[in-house]
Amino acid sequence: MGSSARELAAATPASRDRYVDFLRVASLAVVVLGHWLMAAVTADGQVGNLLAVVPELQVVTWVFQVMPVFFFVGGFSHALAHRSRPGYAAFLRARLQRLLRPTMVFVGVWGAAALLLQLSGADGGLTGVALRLVTQPLWFIGIYLAMVAFTPPLLRLHERWGWGAFGALAGGAVAVDALRFAADVPFVEFLNFAFVWLAVHQLGFLRADGMIRRPALLAGAGLLGATALVALGPYPLSMVGMPGEEVSNMAPPTLALLCHGLWLVGAVELLKGPGARLLARARVWRTVVAANGIAMTAFLWHLTAMLGVYGALLALGAELPAPASGAWWAQVPLRFAAAALLTALLVAVFRRFEAPAAARREGGSAPLAALGVTLALFGILGLSMTGLGGLLEGHTATLIAVRVTAPAAVAMTLAGWLLVERPPSRRSR
């Protein structure tokens, strides 16, 4: 039986950076609350985006688009983890167990539900929208898998070049946007899924080695850069994707989003002192420890909970107010409370799959592990784009330049997961 949050909190070594754990939980919590708030569900079961209904609110994404913080924290954690477990296959297995197991359970449960709903003809209205939407946040897991996979070589570059390694990745992002917007080179923009997010991840390596010494300069440069790019260039104001926009700062990521990431990383580093003092309080730290134990499960199921709340309201005949109206805003606290309660129930059911697995032997095939993580990341990214609607019709979506179906994406993810989880052979032990 696993240790309780109280026991884990009490056993925390003095050397642990509690602020990093707090940032991990806080960034996912902000993403969850943001998704709940942005969902503008209408009386006919359609789901719009609050930022499209009220464009003036797009400026708040400059504070609440916090995925860069999560990836920054990931870089810090991956640096420490790889240094303690340098074997590639063992490193991947250890880092991905608590990520892929709950994800595969989520995909399995929703995949079975999608098939049953379609066979029974109950996949219309809000249910059909849910089948399309619930997998969209999986893009974040796909990107995170890539970060884990690239940690060993990028960490070596960091150890040799320090800020120069970050500068090379940031320079790649600049070059990609130049080729994209100035030379109109096709497909080049997809390279920034790597350059932008890996540059943010690289900042975590720099933090792990105490090399972010002027966070105010980092925050100021990032904020100034993002402001100039949005004001003068082809970049939109919103730091999250908007329906129907020609250019998105998120998909693929842009140089403006990288500057936004710099601003956020600098800002959270400026708050490190007060944050550390707060987390020294036993009750606060216990809360963070407990939240870290269920964070991925809550993230996976939070959209299910939100759509479940709206589905229940529609089923009961409740009249949904127009999005962004006074009545709509007045109901926000109640909808949040209901979604939080349903999320808590789903977490209670599925949290066991996020629990740490028993310690496994070191070793394993590095090429097979690399193949596994590659299949898993492309499978998960594909599933985030296809959704789970139209399974029987063979619905497809384009992943970069390749058409992919949901079953194919699930098969790739499952195969990749099994390769990563593959126990070491006797010869490699």
# chains A, B, ... in the order shown; residues from 1 in each chain; ligands from 1
>>> select_by_dssp(residues="stretch 217-389 of chain A", states="alpha helix (DSSP H)", output="count of residues only")
118
>>> closest_atom_pairs(of="stretch 263-293 of chain A", to="stretch 55-64 of chain A", cutoff="12 Å", atoms="only C-alpha atoms", output="tab-separated table")
residue	atom	partner	partner_atom	distance
A:Trp263	CA	A:Trp62	CA	9.0
A:Leu264	CA	A:Val63	CA	7.5
A:Val265	CA	A:Val63	CA	11.1
A:Ala267	CA	A:Val63	CA	9.9
A:Val268	CA	A:Val63	CA	10.9
>>> residues_around(residues="A:Pro234", least_positions_apart="3", cutoff="12 Å", atoms="only C-alpha atoms", output="PyMOL selection string")
chain A and resi 177-178+180-182+226-231+237+245-249+254-256
>>> closest_residue(among="A:Val105, A:Val73, A:Met38, A:Val347", to="A:His302", atoms="only C-alpha atoms")
A:Val347
>>> closest_residue(among="A:Ala219, A:Ala168, A:Ala322, A:Val284", to="A:Val47", atoms="only C-alpha atoms")
A:Ala322
>>> closest_residue(among="A:Ile294, A:Leu419, A:Leu262, A:Val20", to="A:Phe76", atoms="only C-alpha atoms")
A:Val20
>>> atom_distance(atom1="atom CA of A:His82", atom2="atom CA of A:Gly142")
19.5 Å
>>> residues_around(residues="A:Gly172", least_positions_apart="2", cutoff="9 Å", atoms="only C-alpha atoms", output="PyMOL selection string")
chain A and resi 167-170+174-177+191-192+195-196
>>> residues_around(residues="stretch 85-102 of chain A", least_positions_apart="3", cutoff="7 Å", atoms="only C-alpha atoms", output="list in words")
Ala81, His82, Val105, Phe106, Val148, Thr297, Phe353, Glu354, Ala355, Pro356, Glu362, Gly363, Gly364, Ser365, Ala366, Ala369, Trp417, Val420 and Glu421 of chain A
>>> write_last_selection(atoms="N, CA and C atoms", output="PDB file, in the first residue's frame")
ATOM      1  N   ALA A  81      16.757  13.560 -12.819  1.00  0.00           N
ATOM      2  CA  ALA A  81      16.448  12.141 -12.972  1.00  0.00           C
ATOM      3  C   ALA A  81      17.477  11.433 -13.841  1.00  0.00           C
ATOM      4  N   HIS A  82      17.892  12.075 -14.930  1.00  0.00           N
ATOM      5  CA  HIS A  82      18.847  11.417 -15.817  1.00  0.00           C
ATOM      6  C   HIS A  82      20.211  11.288 -15.158  1.00  0.00           C
ATOM      7  N   VAL A 105      -5.135   4.096 -19.878  1.00  0.00           N
ATOM      8  CA  VAL A 105      -6.428   3.778 -19.267  1.00  0.00           C
ATOM      9  C   VAL A 105      -7.495   4.761 -19.747  1.00  0.00           C
ATOM     10  N   PHE A 106      -7.144   6.044 -19.759  1.00  0.00           N
ATOM     11  CA  PHE A 106      -8.073   7.071 -20.244  1.00  0.00           C
ATOM     12  C   PHE A 106      -8.488   6.787 -21.691  1.00  0.00           C
ATOM     13  N   VAL A 148      11.179  14.146 -22.816  1.00  0.00           N
ATOM     14  CA  VAL A 148      11.860  13.068 -22.107  1.00  0.00           C
ATOM     15  C   VAL A 148      12.839  12.372 -23.049  1.00  0.00           C
ATOM     16  N   THR A 297      -3.892  12.325 -13.392  1.00  0.00           N
ATOM     17  CA  THR A 297      -5.241  11.762 -13.503  1.00  0.00           C
ATOM     18  C   THR A 297      -6.281  12.866 -13.587  1.00  0.00           C
ATOM     19  N   PHE A 353      -3.932   4.088 -11.170  1.00  0.00           N
ATOM     20  CA  PHE A 353      -3.069   3.872 -12.330  1.00  0.00           C
ATOM     21  C   PHE A 353      -1.929   4.887 -12.401  1.00  0.00           C
ATOM     22  N   GLU A 354      -2.022   5.928 -11.568  1.00  0.00           N
ATOM     23  CA  GLU A 354      -0.946   6.917 -11.513  1.00  0.00           C
ATOM     24  C   GLU A 354       0.042   6.613 -10.393  1.00  0.00           C
ATOM     25  N   ALA A 355      -0.298   5.666  -9.533  1.00  0.00           N
ATOM     26  CA  ALA A 355       0.572   5.354  -8.399  1.00  0.00           C
ATOM     27  C   ALA A 355       1.920   4.848  -8.901  1.00  0.00           C
ATOM     28  N   PRO A 356       2.996   5.211  -8.234  1.00  0.00           N
ATOM     29  CA  PRO A 356       4.321   4.733  -8.665  1.00  0.00           C
ATOM     30  C   PRO A 356       4.390   3.213  -8.673  1.00  0.00           C
ATOM     31  N   GLU A 362      17.565  -2.065 -13.646  1.00  0.00           N
ATOM     32  CA  GLU A 362      18.098  -1.167 -14.658  1.00  0.00           C
ATOM     33  C   GLU A 362      18.325  -1.947 -15.951  1.00  0.00           C
ATOM     34  N   GLY A 363      18.679  -1.225 -16.999  1.00  0.00           N
ATOM     35  CA  GLY A 363      19.014  -1.873 -18.262  1.00  0.00           C
ATOM     36  C   GLY A 363      17.856  -1.863 -19.237  1.00  0.00           C
ATOM     37  N   GLY A 364      18.043  -2.554 -20.347  1.00  0.00           N
ATOM     38  CA  GLY A 364      17.056  -2.581 -21.410  1.00  0.00           C
ATOM     39  C   GLY A 364      17.662  -2.057 -22.693  1.00  0.00           C
ATOM     40  N   SER A 365      16.963  -2.275 -23.778  1.00  0.00           N
ATOM     41  CA  SER A 365      17.460  -1.880 -25.089  1.00  0.00           C
ATOM     42  C   SER A 365      17.167  -0.406 -25.356  1.00  0.00           C
ATOM     43  N   ALA A 366      18.207   0.400 -25.516  1.00  0.00           N
ATOM     44  CA  ALA A 366      18.017   1.817 -25.807  1.00  0.00           C
ATOM     45  C   ALA A 366      17.331   2.030 -27.160  1.00  0.00           C
ATOM     46  N   ALA A 369      13.650   1.283 -26.760  1.00  0.00           N
ATOM     47  CA  ALA A 369      13.016   2.322 -25.947  1.00  0.00           C
ATOM     48  C   ALA A 369      12.813   3.589 -26.763  1.00  0.00           C
ATOM     49  N   TRP A 417       4.086   2.268 -25.899  1.00  0.00           N
ATOM     50  CA  TRP A 417       4.059   2.081 -24.446  1.00  0.00           C
ATOM     51  C   TRP A 417       4.623   0.714 -24.061  1.00  0.00           C
ATOM     52  N   VAL A 420       8.373   0.719 -24.383  1.00  0.00           N
ATOM     53  CA  VAL A 420       9.034   1.443 -23.292  1.00  0.00           C
ATOM     54  C   VAL A 420       8.976   0.624 -22.002  1.00  0.00           C
ATOM     55  N   GLU A 421       7.838  -0.017 -21.739  1.00  0.00           N
ATOM     56  CA  GLU A 421       7.650  -0.804 -20.521  1.00  0.00           C
ATOM     57  C   GLU A 421       8.350  -2.150 -20.583  1.00  0.00           C
TER      58      GLU A 421
END
>>> closest_residue(among="A:Arg277, A:His201, A:Arg18, A:Lys272", to="A:Leu155", atoms="only C-alpha atoms")
A:His201
>>> closest_residue(among="A:Ile141, A:Leu313, A:Leu50, A:Val41", to="A:Gly241", atoms="only C-alpha atoms")
A:Leu50
>>> atom_distance(atom1="atom CA of A:Leu368", atom2="atom CA of A:Leu418")
10.1 Å
>>> atom_distance(atom1="atom CA of A:Ala216", atom2="atom CA of A:Gly75")
20.2 Å
>>> residues_around(residues="A:Ala146", least_positions_apart="2", cutoff="12 Å", atoms="only C-alpha atoms", output="PyMOL selection string")
chain A and resi 71+74-75+78+92+95-96+139-144+148-152+154+193-195+197-198+201+370-381
>>> residues_around(residues="stretch 118-123 of chain A", least_positions_apart="2", cutoff="8 Å", atoms="only C-alpha atoms", output="list in words")
Ala114, Leu115, Leu116, Gly125, Thr127, Gly128, Leu131, Gly389, Gly390, Leu391 and Leu392 of chain A
>>> write_last_selection(atoms="C-alpha atoms", output="short mmCIF file (atom, residue, chain, number, x, y, z; two decimals), in the first residue's frame")
data_model
loop_
_atom_site.label_atom_id
_atom_site.label_comp_id
_atom_site.auth_asym_id
_atom_site.auth_seq_id
_atom_site.Cartn_x
_atom_site.Cartn_y
_atom_site.Cartn_z
CA ALA A 114 -17.00 6.00 -28.19
CA LEU A 115 -17.56 2.68 -29.93
CA LEU A 116 -20.63 1.87 -27.84
CA GLY A 125 -25.19 16.66 -29.90
CA THR A 127 -21.89 13.68 -26.82
CA GLY A 128 -20.44 13.97 -30.32
CA LEU A 131 -15.87 12.60 -28.40
CA GLY A 389 -15.75 10.52 -33.04
CA GLY A 390 -16.42 8.74 -36.34
CA LEU A 391 -14.56 5.56 -35.43
CA LEU A 392 -16.73 3.38 -37.65
#
